[in-house]
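Notes follow once the structure below has been shown.
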Amino acid sequence: METVSLETAANYELPEIRRAVTKLLEPLGGMSAFITPGDRVLIKPNMLAAKSPDKAVTTHPALVQVVAELVIESGGTALIGDSPGIGSFSKVAEKSGIQGAAERSGARLTEFCDPVELRGEGTFRSIQLARCYHEADKIINLPKLKTHEMMTMTCAVKNLFGAVIGTEKAAWHLKAGSSRQMFARLLLEISLLKKTTLTIVDAITAMEGNGPGSGTPIQRGILIAGINPLAVDVIAARLAGIPSDLLPLEQEAVARGLAGARLSEIELKGTPYASVTAMTFTLPTGLDPRFGLPPFLATALKNQLTSYPTADHAVCVLCGICRDACPPEAITITNSALSIDKARCIRCWCCRELCPHDAMAIERGLLLRALKCLSRRKVSR
Ligand code: SF4
Ligand code: SF4
């Protein structure tokens, strides 16, 4: 059985976070059960973009600070690192409040930069991850619970994709293609390359809607912790009211027989589950229903049956960030106009995730619109 602990937290005030994290870790043996004096401990928050903590895009700095303090009190050296999807590491650290958290706790900020090649045993045989991530004695994973336009949800396992450095992320999106299942496989294989020591999920303020970059903050008031990030994700998903059939990562993990992939293999400790009952998060608009079509038909009808990105020309400033990040180079900017090649687009939604102006909108394919319209009529009858 995999143990996952839950604890409620009313707000991000430091005394409340310290109380909640201490209580959360009690069933797991406390922070000292994970840290040996002298350990170099890498704390990996979600540092997606330079957004303030109230936007719920990044892990809250109060949680980062308290975890770093507990690591140092247990005799470890605390490093806080990530490789942001957009913007410089220093700008993201400053705007998200994580730089201040590092300064106040005595931790050191470290940008993921130097890659080291690792040999995988699954589908992806060679993967480069940040050296400081690979060489850390212990890793504490601090994801934010958010909806995700490609993978439905991002939490513990998906947060570890940050160990892939900068532009290499786009290359991996391209290798996985438009298959959510293949991308889920990649994420699982990355999480298995270097086992994390502990995961603590920031779901005090989570994100619903068009996550992970442009969704709506939602008060959930919960911290979730466990050793196995997959088991933590399963619990986080149920608490967000997201069923497993909408989660390619969970489906892939079950198909591979990975430990912690099934609810029946997880023992919950701490605050009783019944007192933190699930809320149903609003899911991303761009999340397409799967119609159970055979792959050849789904490919042929891709543009009709799926949603695709489209720039809102009234808001877009033609900065080119989405074009530079687009894995299959489907975006072009010529003569002051942005266009997207729908046939090349793999629906990874990196453009929406990274656009600093929220200028990338969603357009539904013709058949998809018709089907949604029909289903609405059916309901209203
Ligand atoms: S859609 Fe956003 S990221 Fe892309 S060019 Fe326009 S403003 Fe820049
Ligand atoms: S246009 Fe956007 S969604 Fe399509 S492949 Fe490029 S980054 Fe991904």
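Residues in the structure tokens are named by chain (A, B, ... in the order shown) and by number from 1 within that chain; ligands are numbered from 1 in the order shown.
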(request) Please check which protein, DNA or RNA residues sit within 7 Å of ligand 2, counting only C-alpha atoms and all ligand atoms, and write them as a ChimeraX atom specification. (result) /A:308-309,322,325-331,340,344-352
(request) Considering only C-alpha atoms, return as a PyMOL selection string whatever protein or nucleic-acid residues lie within 6 Å of Ile218 of chain A, sequence-local ones (same chain, fewer than 5 positions apart) excluded. (result) chain A and resi 205-207
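Near ligand 1, at a distance of at most 7 Å and with only C-alpha atoms and all ligand atoms counted, sit the residues Ala311, Val315, Cys316, Val317, Leu318, Cys319, Gly320, Ile321, Cys322, Arg323, Leu338, Cys351, Leu354, Cys355, Pro356, His357, Asp358, Ala359 and Met360 of chain A.
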Excluding same-chain residues fewer than 4 positions from segment 118-131 of chain A, what lies within 7 Å of it counting only C-alpha atoms, as a short mmCIF file (atom, residue, chain, number, x, y, z; two decimals) with C-alpha atoms, in the first residue's frame?
data_model
loop_
_atom_site.label_atom_id
_atom_site.label_comp_id
_atom_site.auth_asym_id
_atom_site.auth_seq_id
_atom_site.Cartn_x
_atom_site.Cartn_y
_atom_site.Cartn_z
CA PHE A 112 18.26 24.09 -14.12
CA CYS A 113 20.80 24.48 -16.93
CA ASP A 114 23.49 21.81 -17.25
CA GLU A 135 22.70 14.67 -8.60
CA ALA A 163 13.62 18.71 -14.87
CA VAL A 164 13.85 18.80 -18.68
CA ILE A 165 15.73 21.97 -19.49
CA LEU A 186 7.04 10.17 -21.30
CA GLU A 189 9.28 7.52 -17.55
CA LEU A 193 14.41 7.98 -13.95
#
(request) Between A:Ala240, A:Ile140, A:Leu283, A:Leu174, single out the one closest to Lys195 of chain A, counting only C-alpha atoms. (result) A:Ile140
(request) Taking the DSSP assignment computed from this structure's backbone, write out as an MDAnalysis selection string all residues of segment 131-239 of chain A that belong to strand (DSSP E). (result) chainID A and resid 138:142 144:148 152:154 198:208 216:226
(message) Using only C-alpha atoms for the distances, tell me which of A:Ala62, A:Tyr133, A:Asp82, A:Ile224 is nearest to Arg104 of chain A.
(response)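 Once distances to Arg104 of chain A are computed over only C-alpha atoms, the minimum belongs to A:Ala62.
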(request) Counting only C-alpha atoms, figure out which residue out of A:Lys144, A:Lys138, A:Arg19, A:Arg238 gets nearest to Met47 of chain A. (result)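 Smallest distance to Met47 of chain A is found for A:Lys144.
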(message) Would you pick out the contacts of Val21 of chain A at 8 Å or less, using only C-alpha atoms, so that residues sharing its chain but fewer than 2 positions from it are not included, and give the list as number ranges by chain?
(response) A: 7, 17-19, 23-25, 66-67, 223
(request) Compare A:Lys269, A:Ile139, A:Ala261, A:Val276 by their minimum atom-to-atom distance to Leu247 of chain A, counting only C-alpha atoms, and give me the closest one. (result) A:Ala261
(request) Output as number ranges by chain all residues of segment 193-345 of chain A that backbone DSSP marks as alpha helix (DSSP H). (result) A: 193, 229-239, 248-255, 295-300, 302-305, 321-325
(request) Identify, on the basis of only C-alpha atoms, every residue whose closest approach to Ile80 of chain A does not exceed 12 Å; exclude the query and any residue fewer than 5 positions from it along the same chain; express the result as number ranges by chain. (result) A: 40-47, 59, 61, 64-65, 67-69, 71, 89-90, 93, 98-103, 105-112, 132-133, 136, 138-142
Dump of C-alpha atoms for the selected residues, as a short mmCIF file (atom, residue, chain, number, x, y, z; two decimals), in the first residue's frame:
data_model
loop_
_atom_site.label_atom_id
_atom_site.label_comp_id
_atom_site.auth_asym_id
_atom_site.auth_seq_id
_atom_site.Cartn_x
_atom_site.Cartn_y
_atom_site.Cartn_z
CA ARG A 40 21.76 18.24 -0.61
CA VAL A 41 18.01 18.55 -0.96
CA LEU A 42 16.50 19.93 -4.16
CA ILE A 43 13.08 21.50 -3.68
CA LYS A 44 11.20 21.54 -6.99
CA PRO A 45 8.21 23.93 -7.00
CA ASN A 46 6.10 24.72 -10.04
CA MET A 47 7.75 27.83 -11.54
CA THR A 59 3.60 27.00 -6.05
CA PRO A 61 6.12 30.94 -1.75
CA VAL A 64 8.28 26.75 -0.44
CA GLN A 65 9.69 28.74 2.49
CA VAL A 67 9.51 23.28 3.43
CA ALA A 68 12.99 24.81 2.97
CA GLU A 69 13.10 25.77 6.67
CA VAL A 71 14.82 20.75 5.46
CA PHE A 89 14.49 31.96 -14.06
CA SER A 90 15.39 35.07 -12.04
CA ALA A 93 11.65 33.55 -9.00
CA ILE A 98 10.01 32.21 -4.50
CA GLN A 99 13.18 34.34 -4.45
CA GLY A 100 11.96 35.96 -1.21
CA ALA A 101 11.10 32.50 0.17
CA ALA A 102 14.67 31.34 -0.55
CA GLU A 103 16.21 34.42 1.09
CA SER A 105 14.59 30.42 4.69
CA GLY A 106 18.33 30.30 3.95
CA ALA A 107 17.89 28.13 0.83
CA ARG A 108 19.81 28.71 -2.41
CA LEU A 109 18.11 29.27 -5.77
CA THR A 110 19.43 27.15 -8.61
CA GLU A 111 18.40 27.37 -12.24
CA PHE A 112 18.26 24.09 -14.12
CA CYS A 132 21.47 19.39 -10.23
CA TYR A 133 18.16 17.48 -10.28
CA ALA A 136 20.63 15.89 -5.62
CA LYS A 138 16.96 14.07 -2.10
CA ILE A 139 14.22 15.72 -4.14
CA ILE A 140 11.13 17.29 -2.62
CA ASN A 141 8.49 17.82 -5.27
CA LEU A 142 6.18 20.79 -4.61
#
(request) For each of A:Asp341, A:Glu149, A:Ala361, A:Glu13, take the minimum atom-to-atom distance to Gly213 of chain A, counting only C-alpha atoms, then give the residue where this is smallest. (result) A:Glu149
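Taking only C-alpha atoms, the non-local environment of Gly87 of chain A within 8 Å (same-chain residues fewer than 5 positions away omitted) comprises Ala49, Ala50 and Val92 of chain A.
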(request) Identify, on the basis of only C-alpha atoms, every residue whose closest approach to Val57 of chain A does not exceed 7 Å; exclude the query and any residue fewer than 5 positions from it along the same chain; express the result as a VMD selection string. (result) chain A and resid 48 51 212 to 213
(request) Using atom CA of Asp312 of chain A and atom CA of Ile362 of chain A as the two end points, give the distance in Å to one decimal. (result)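 Those two atoms sit 9.3 Å apart.
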(request) Could you tell me how far atom CA of Asp202 of chain A lies from atom CA of Asn11 of chain A, in Å and to one decimal? (result) 11.2 Å
(request) Considering only C-alpha atoms, state which residue in the set A:Ala156, A:Leu145, A:Met182, A:Val254 is at the smallest distance from Pro217 of chain A. (result)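 Among the listed residues, the smallest separation from Pro217 of chain A belongs to A:Leu145.
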